[in-house]
>>> print(open('my_file_29.txt').read())   # compact mmCIF, C-alpha atoms
# COMPACT_ATOMS: atom_id res chain seq x y z
CA MET A 1 -37.16 -9.66 40.89
CA LEU A 2 -34.62 -6.81 41.27
CA ARG A 3 -34.25 -4.28 44.07
CA PRO A 4 -32.32 -1.12 44.85
CA LEU A 5 -29.31 -1.83 47.05
CA GLY A 6 -28.08 1.70 47.71
CA LEU A 7 -27.74 5.20 46.33
CA GLN A 8 -24.59 7.17 45.62
CA HIS A 9 -24.71 10.89 44.85
CA LEU A 10 -21.98 11.83 42.35
CA GLY A 11 -22.02 15.57 42.96
CA ASP A 12 -22.70 18.08 40.22
CA CYS A 13 -22.90 16.46 36.80
CA PRO A 14 -23.39 18.70 33.74
CA ASP A 15 -26.46 16.76 32.62
CA GLY A 16 -28.02 16.70 36.10
CA ALA A 17 -28.10 12.89 36.26
CA SER A 18 -25.99 12.74 39.38
CA THR A 19 -27.40 9.83 41.40
CA ILE A 20 -26.41 6.18 41.01
CA SER A 21 -28.94 3.56 42.13
CA LEU A 22 -27.24 0.19 42.58
CA ILE A 23 -29.45 -2.73 41.55
CA GLY A 24 -29.25 -6.38 42.58
CA PRO A 25 -31.37 -9.51 42.84
CA ASP A 26 -34.37 -9.54 45.15
CA GLU A 27 -33.66 -12.97 46.58
CA PRO A 28 -35.11 -15.53 46.70
CA ARG A 29 -37.80 -14.29 44.27
CA PHE A 30 -35.23 -13.41 41.62
CA TRP A 31 -33.96 -16.87 40.68
CA PRO A 32 -37.18 -18.53 39.37
CA ILE A 33 -37.81 -15.47 37.19
CA PHE A 34 -34.32 -15.63 35.71
CA GLU A 35 -34.58 -19.44 35.20
CA ALA A 36 -37.74 -18.90 33.14
CA SER A 37 -36.03 -16.35 30.86
CA ASN A 38 -34.95 -16.91 27.26
CA GLU A 39 -31.40 -15.96 28.23
CA TYR A 40 -31.17 -18.77 30.79
CA ARG A 41 -32.62 -21.35 28.40
CA ASP A 42 -30.92 -20.47 25.09
CA GLY A 43 -27.58 -22.13 25.86
CA ARG A 44 -25.52 -19.09 24.89
CA ASP A 45 -22.69 -17.61 27.00
CA ASN A 46 -23.24 -15.12 29.82
CA PRO A 47 -26.99 -15.62 30.32
CA LEU A 48 -27.19 -13.62 33.55
CA ASP A 49 -25.32 -10.65 32.10
CA ARG A 50 -27.49 -10.68 28.97
CA TRP A 51 -30.68 -10.92 31.05
CA SER A 52 -29.50 -8.09 33.31
CA GLU A 53 -28.67 -5.89 30.35
CA ARG A 54 -32.09 -6.46 28.76
CA VAL A 55 -34.12 -5.95 31.94
CA ILE A 56 -32.19 -3.04 33.44
CA SER A 57 -31.93 -1.26 30.08
CA LYS A 58 -35.73 -1.38 29.84
CA ILE A 59 -36.07 -0.02 33.39
CA ALA A 60 -33.63 2.76 32.52
CA GLU A 61 -35.58 3.64 29.39
CA ASP A 62 -38.84 3.76 31.36
CA CYS A 63 -37.25 5.96 34.06
CA ASP A 64 -35.30 8.29 31.75
CA ALA A 65 -32.04 7.01 33.24
CA GLU A 66 -28.75 5.63 31.96
CA ALA A 67 -28.14 1.92 32.51
CA LEU A 68 -24.67 0.98 33.80
CA PHE A 69 -23.28 -2.53 34.28
CA PRO A 70 -20.43 -4.18 36.23
CA PHE A 71 -19.49 -6.24 33.15
CA GLY A 72 -18.66 -5.49 29.51
CA GLY A 73 -15.44 -3.57 30.16
CA PRO A 74 -12.80 -2.46 30.32
CA PRO A 75 -13.28 0.18 31.37
CA TYR A 76 -15.49 -0.98 34.23
CA ALA A 77 -17.86 1.24 36.19
CA PRO A 78 -16.69 1.69 39.82
CA PHE A 79 -19.44 -0.37 41.50
CA PHE A 80 -17.29 -1.17 44.54
CA THR A 81 -16.59 2.52 45.17
CA TRP A 82 -20.25 3.46 44.68
CA ALA A 83 -21.30 0.71 47.06
CA LYS A 84 -18.93 1.77 49.84
CA ARG A 85 -20.07 5.39 49.52
CA SER A 86 -23.77 4.53 49.62
CA GLY A 87 -23.82 3.92 53.38
CA ARG A 88 -25.25 0.41 52.94
CA PHE A 89 -22.09 -1.62 52.23
CA TRP A 90 -18.96 -2.29 54.26
CA ALA A 91 -15.91 -4.53 54.20
CA SER A 92 -16.73 -7.75 56.02
CA PRO A 93 -14.26 -9.63 58.25
CA ILE A 94 -13.29 -11.67 55.15
CA ASP A 95 -12.94 -8.48 53.07
CA PHE A 96 -15.93 -9.17 50.80
CA LEU A 97 -18.59 -6.50 50.65
CA VAL A 98 -21.41 -7.02 53.12
CA HIS A 99 -24.79 -5.35 52.62
CA ASP A 100 -27.12 -4.34 55.44
CA ALA A 101 -29.94 -6.58 54.12
CA ALA A 102 -28.35 -9.07 51.68
CA GLY A 103 -25.30 -9.91 53.77
CA LEU A 104 -22.36 -11.54 51.98
CA PHE A 105 -24.49 -12.79 49.09
CA VAL A 106 -24.92 -9.30 47.69
CA SER A 107 -24.35 -8.94 43.96
CA PHE A 108 -24.76 -6.15 41.46
CA ARG A 109 -26.67 -6.69 38.25
CA GLY A 110 -26.48 -3.06 37.20
CA ALA A 111 -27.14 0.53 38.16
CA LEU A 112 -29.15 3.52 37.03
CA ARG A 113 -27.62 6.98 36.66
CA TRP A 114 -30.36 9.54 36.80
CA SER A 115 -31.77 12.73 38.30
CA LEU A 116 -32.99 11.63 41.68
CA PRO A 117 -32.72 13.50 44.97
CA ALA A 118 -29.73 12.27 46.94
CA GLN A 119 -30.53 10.30 50.06
CA ALA A 120 -28.02 9.56 52.76
CA GLY A 121 -27.55 5.95 53.72
CA ASN A 122 -28.28 5.39 57.39
CA ALA A 123 -28.11 1.63 57.73
CA SER A 124 -26.25 -0.06 60.55
CA GLN A 125 -23.11 -2.00 59.75
CA PRO A 126 -24.08 -5.60 60.54
CA CYS A 127 -20.56 -6.82 61.34
CA LEU A 128 -20.22 -4.53 64.37
CA THR A 129 -22.51 -6.71 66.45
CA CYS A 130 -21.75 -10.05 64.81
CA THR A 131 -19.70 -12.97 66.09
CA GLU A 132 -18.08 -13.15 62.62
CA PRO A 133 -18.85 -16.77 61.70
CA CYS A 134 -17.71 -16.01 58.13
CA LYS A 135 -14.09 -15.95 59.35
CA THR A 136 -14.10 -19.57 60.49
CA ALA A 137 -16.63 -21.24 58.18
CA CYS A 138 -14.27 -21.94 55.26
CA PRO A 139 -13.03 -25.55 55.49
CA VAL A 140 -9.70 -24.68 53.80
CA ASP A 141 -9.05 -21.33 55.55
CA ALA A 142 -9.15 -19.49 52.24
CA PHE A 143 -9.67 -16.20 54.12
CA LYS A 144 -6.89 -16.61 56.70
CA ASP A 145 -4.50 -14.12 55.06
CA GLY A 146 -6.49 -12.21 52.44
CA TYR A 147 -8.35 -14.40 49.96
CA ASP A 148 -6.55 -17.50 48.70
CA VAL A 149 -8.46 -17.98 45.43
CA ALA A 150 -6.39 -21.01 44.40
CA ALA A 151 -7.14 -22.86 47.66
CA CYS A 152 -10.81 -21.96 47.35
CA LYS A 153 -11.10 -23.21 43.77
CA ALA A 154 -9.15 -26.40 44.52
CA HIS A 155 -11.53 -27.17 47.37
CA VAL A 156 -14.69 -26.33 45.42
CA ILE A 157 -13.81 -28.68 42.54
CA SER A 158 -12.84 -31.52 44.91
CA ASP A 159 -15.21 -34.16 46.30
CA ALA A 160 -14.91 -32.47 49.72
CA GLY A 161 -16.08 -29.18 48.16
CA ARG A 162 -19.41 -30.50 46.91
CA ASP A 163 -21.37 -28.54 49.52
CA CYS A 164 -19.74 -25.25 48.49
CA ARG A 165 -20.11 -26.11 44.80
CA THR A 166 -23.82 -26.96 44.98
CA ARG A 167 -25.07 -24.65 47.76
CA GLY A 168 -22.63 -21.75 47.71
CA CYS A 169 -19.62 -20.59 49.68
CA LEU A 170 -19.77 -21.70 53.33
CA ALA A 171 -18.23 -18.43 54.51
CA ARG A 172 -20.89 -16.40 52.70
CA ARG A 173 -23.63 -18.72 53.95
CA ALA A 174 -22.41 -18.29 57.53
CA CYS A 175 -23.33 -14.57 57.49
CA PRO A 176 -26.52 -14.19 59.54
CA VAL A 177 -27.68 -11.24 57.41
CA GLY A 178 -29.87 -12.40 54.55
CA GLN A 179 -29.17 -16.01 55.49
CA GLY A 180 -31.24 -18.50 53.52
CA ASN A 181 -32.30 -16.04 50.82
CA ARG A 182 -30.06 -17.39 48.06
CA LEU A 183 -31.49 -20.54 46.52
CA SER A 184 -29.13 -23.48 46.02
CA ALA A 185 -29.66 -23.45 42.23
CA GLN A 186 -28.58 -19.81 42.08
CA ALA A 187 -25.55 -20.45 44.31
CA ALA A 188 -24.51 -23.43 42.13
CA PHE A 189 -24.85 -21.28 38.99
CA HIS A 190 -22.51 -18.66 40.45
CA MET A 191 -20.02 -21.26 41.70
CA GLU A 192 -19.87 -22.81 38.23
CA ALA A 193 -19.12 -19.37 36.76
CA PHE A 194 -16.44 -18.85 39.45
CA LEU A 195 -14.69 -22.06 38.43
>>> encode(input="my_file_29.txt", output="C-alpha cells")
Amino acid sequence: MLRPLGLQHLGDCPDGASTISLIGPDEPRFWPIFEASNEYRDGRDNPLDRWSERVISKIAEDCDAEALFPFGGPPYAPFFTWAKRSGRFWASPIDFLVHDAAGLFVSFRGALRWSLPAQAGNASQPCLTCTEPCKTACPVDAFKDGYDVAACKAHVISDAGRDCRTRGCLARRACPVGQGNRLSAQAAFHMEAFL
C-alpha cells in the first residue's frame, strides 16, 4: 500500500537517527486500501492525511523511527529538499517533481527519520531521454511561463475540464514514467482537494 520513494542522509545527528526515508503510495494498489479505511468513510475532513498519520505512525513505532509528515504545519518538514537530495527526484520540464518510478504522479504521505545506513541514489533522470509530452499536454497552457494556478483551476472546474477533474491532470498523465498507475478515483479525489 505504501512504498519507499528515496533516502536522504542528514549527516551527523546527535541521536543517530540521521536517515530520512520518504514514503508514498504504492499505486495502483494503494487506492482500494485507502477507500476501505475508516478515515475515508467517516465523512470528516482530511481523510488522507489522517489515514497517513495513523498508518505511518504505526510503521515508525514498529521500526523505532520518528514519523514526519508534509502536512500539519507550519513549520513544515522540507520534503522537497529531501526529495531532490535523494537522487531519485528531479525538476520536470513543467517544474513539478518527477520520480524515477512514479513519474509526475509522485506524492509524499510521510517519512521516517531513523538509524539506517545511508544509500546513495543512483537512478536515471527520466526527463533526459523523454520527448517531454508534459509540456504540451495542458489544454490551457498552464505551464507555459511557470505554473498558472488560476488558469488551471478555471479550466478544471469548467465543462471543458471534466477530463482533468475526473481522471487527473493531463500534463501529469502525459508523463510516460508510471503512466496508468494512478486510478481515476484517486486522481479525482486529489483534484477535488486541489479545487
>>> residues_near_point(input="my_file_29.txt", point="(-27.6, 5.5, 43.4)", cutoff="10 Å", atoms="only C-alpha atoms", output="list of chain:residue names")
A:Pro4, A:Leu5, A:Gly6, A:Leu7, A:Gln8, A:His9, A:Leu10, A:Ser18, A:Thr19, A:Ile20, A:Ser21, A:Leu22, A:Ile23, A:Trp82, A:Ala83, A:Arg85, A:Ser86, A:Ala111, A:Leu112, A:Arg113, A:Trp114, A:Ser115, A:Leu116, A:Pro117, A:Ala118, A:Gln119
>>> atom_distance(input="my_file_29.txt", atom1="CA of Leu68 (chain A)", atom2="CA of Gly168 (chain A)")
26.7 Å
>>> atom_distance(input="my_file_29.txt", atom1="CA of Asn122 (chain A)", atom2="CA of Tyr76 (chain A)")
27.2 Å
>>> closest_residue(input="my_file_29.txt", among="A:Arg165, A:Arg50, A:Lys135, A:Lys153", to="Phe71 (chain A)", atoms="only C-alpha atoms")
A:Arg50
>>> closest_atom_pairs(input="my_file_29.txt", of="region 18-112 of chain A", to="region 183-188 of chain A", cutoff="10 Å", atoms="all atoms listed in the file", output="CSV")
residue,atom,partner,partner_atom,distance
A:Glu27,CA,A:Leu183,CA,7.9
A:Pro28,CA,A:Leu183,CA,6.2
A:Arg29,CA,A:Leu183,CA,9.2
A:Phe30,CA,A:Gln186,CA,9.2
A:Trp31,CA,A:Gln186,CA,6.3
A:Pro32,CA,A:Gln186,CA,9.1
A:Phe34,CA,A:Gln186,CA,9.5
A:Glu35,CA,A:Gln186,CA,9.1
A:Phe105,CA,A:Ala187,CA,9.1
>>> axis_aligned_box(input="my_file_29.txt", around="region 160-179 of chain A", padding_each_side="6 Å", output="AutoDock Vina command-line options")
--center_x -22.4 --center_y -21.9 --center_z 52.2 --size_x 27.0 --size_y 33.2 --size_z 26.7
>>> closest_residue(input="my_file_29.txt", among="A:Asp95, A:Ala171, A:Cys152, A:Asp26", to="Thr136 (chain A)", atoms="all atoms listed in the file")
A:Ala171
>>> closest_residue(input="my_file_29.txt", among="A:Pro133, A:Pro78, A:Gly72, A:Gly110", to="Arg173 (chain A)", atoms="only C-alpha atoms")
A:Pro133
>>> closest_residue(input="my_file_29.txt", among="A:Pro139, A:Cys164, A:Val149, A:Gly87", to="Ala123 (chain A)", atoms="all atoms listed in the file")
A:Gly87
>>> closest_residue(input="my_file_29.txt", among="A:Leu48, A:Cys169, A:Ala174, A:Ala193", to="Phe108 (chain A)", atoms="all atoms listed in the file")
A:Leu48
>>> closest_residue(input="my_file_29.txt", among="A:His155, A:Arg162, A:Arg182, A:Arg172", to="Ala137 (chain A)", atoms="all atoms listed in the file")
A:Arg172
>>> atom_distance(input="my_file_29.txt", atom1="CA of Val106 (chain A)", atom2="CA of Glu132 (chain A)")
16.9 Å
